[in-house]
Amino acid sequence: MALKLYGAPMSTCTTRVMTCLHEKSVDFELVPVNLFAAEHKQPSFLAKNPFGQIPALEDNDLTLFESRAITSYVAEKFKEAGTDLLRHKDLKEAALVKVWLEVESQQFHPPMSSTVYQFFVAPIQGKTPDQAIIDANLVKLGQVLDVYETKLSSTKYLAGDFYSLADLHHLSYTYYFMKTPFASLINERPHVKVWWEDITSRPAFKKVAEGMKFGGD
């Protein structure tokens, strides 16, 4: 039985999981959840994720939510298939992947997601983007990217000279960020720019990116 992924093709968290599934060459069924109709707040979906947020993954009698937990599960369960995203055969490399997974979630994600929310999501919700919030987060994001620039000057990817889950987790939000007027934060850092162009050129993400559209984008 194929895995069932409940989510939306435009959702950053859903596409994070979809990219991981494609990298592992795992068959799955995407079950669309209409966010605009608030289907994620209905009892049938809340039974899968009590916080009412997509995505959720069903694997036989196991149901998971939280996209990072799902990608870790997929990468571990199917570790012998597709791309080795956790470097499970090398303790040192596996440890470095974990370090940069934490960096993404704790340092990179907060300012990045806040900026993307203000620019794309707030207008959809009828709100005016708060430029002060954007500006403050761009400063924080720039500081994180300075660290990335230094790291990527010595290794091809964040955890080493191998693509891993740590790189993959950056894709969805940064993809939208690069459609904002603030893309220079990536482009003006040469090693970060090369890394970004590399990881977005992978077939797994290119397949997912086709459905990542906000409104008329």
# chains A, B, ... in the order shown; residues from 1 in each chain; ligands from 1
>>> select_by_dssp(residues="chain A", states="strand (DSSP E)", output="list in words")
Leu3, Lys4, Leu5, Tyr6, Gly7, Phe28, Glu29, Leu30, Val31, Pro32, Ala56, Leu57, Glu58, Asp59, Leu62, Thr63, Leu64 and Phe65 of chain A
>>> write_last_selection(atoms="C-alpha atoms", output="short mmCIF file (atom, residue, chain, number, x, y, z; two decimals), in the first residue's frame")
data_model
loop_
_atom_site.label_atom_id
_atom_site.label_comp_id
_atom_site.auth_asym_id
_atom_site.auth_seq_id
_atom_site.Cartn_x
_atom_site.Cartn_y
_atom_site.Cartn_z
CA LEU A 3 1.89 6.02 1.65
CA LYS A 4 -0.84 8.64 1.88
CA LEU A 5 0.27 12.24 2.27
CA TYR A 6 -2.44 14.72 3.22
CA GLY A 7 -1.53 18.24 2.22
CA PHE A 28 2.89 7.88 -2.36
CA GLU A 29 -0.59 9.25 -2.88
CA LEU A 30 -1.10 12.96 -2.33
CA VAL A 31 -4.54 13.51 -0.81
CA PRO A 32 -5.39 17.20 -1.36
CA ALA A 56 -0.06 14.35 7.75
CA LEU A 57 1.29 11.01 6.59
CA GLU A 58 -0.40 7.61 6.83
CA ASP A 59 1.72 4.47 6.59
CA LEU A 62 0.88 4.68 11.63
CA THR A 63 -0.12 8.34 11.29
CA LEU A 64 2.48 11.09 11.59
CA PHE A 65 2.36 14.87 11.53
#
>>> atom_distance(atom1="atom CA of Arg87 of chain A", atom2="atom CA of Cys20 of chain A")
14.2 Å
>>> residues_around(residues="Pro110 of chain A", least_positions_apart="4", cutoff="12 Å", atoms="only C-alpha atoms", output="list of chain:residue names")
A:Glu102, A:Val103, A:Glu104, A:Ser105, A:Gln106, A:Ser114, A:Thr115, A:Val116, A:Tyr117, A:Ile133, A:Ile134, A:Ala136, A:Asn137, A:Leu138, A:Lys140, A:Leu141, A:Val144, A:His170, A:Tyr173
>>> residues_around(residues="Met10 of chain A", least_positions_apart="3", cutoff="12 Å", atoms="only C-alpha atoms", output="VMD selection string")
chain A and resid 7 13 to 16 18 32 to 36 54 to 55 120 to 121 172 to 173 175 to 176 208 to 215 217
>>> select_by_dssp(residues="segment 5-190 of chain A", states="alpha helix (DSSP H)", output="number ranges by chain")
A: 12-23, 43-46, 67-77, 91-103, 109-116, 122-124, 131-152, 165-168, 171-177, 184-187, 190
>>> closest_residue(among="A:Gln125, A:Ser11, A:Thr83, A:Asn60", to="Ala204 of chain A", atoms="only C-alpha atoms")
A:Thr83
>>> atom_distance(atom1="atom CA of Pro50 of chain A", atom2="atom CA of His169 of chain A")
23.2 Å
>>> residues_around(residues="Glu93 of chain A", least_positions_apart="6", cutoff="12 Å", atoms="only C-alpha atoms", output="list in words")
Asp84, Leu85, Leu86, Arg87, Val99, Trp100, Tyr157, Leu158, Ala159, Gly160, Asp161, Phe162, Tyr163, Ser164, Leu165 and Ala166 of chain A
>>> atom_distance(atom1="atom CA of Lys77 of chain A", atom2="atom CA of Val26 of chain A")
10.5 Å
>>> residues_around(residues="Trp195 of chain A", least_positions_apart="2", cutoff="10 Å", atoms="only C-alpha atoms", output="PyMOL selection string")
chain A and resi 148-149+152-153+155-158+167+186+190-193+197-201
>>> residues_around(residues="Phe119 of chain A", least_positions_apart="5", cutoff="10 Å", atoms="only C-alpha atoms", output="PyMOL selection string")
chain A and resi 113-114+124+128-131+134+176-177+179-181
>>> closest_residue(among="A:Leu21, A:Ile70, A:Leu145, A:Ala81", to="Ala2 of chain A", atoms="only C-alpha atoms")
A:Leu21
>>> closest_residue(among="A:Leu101, A:Val139, A:Leu96, A:Ala8", to="Phe182 of chain A", atoms="only C-alpha atoms")
A:Val139
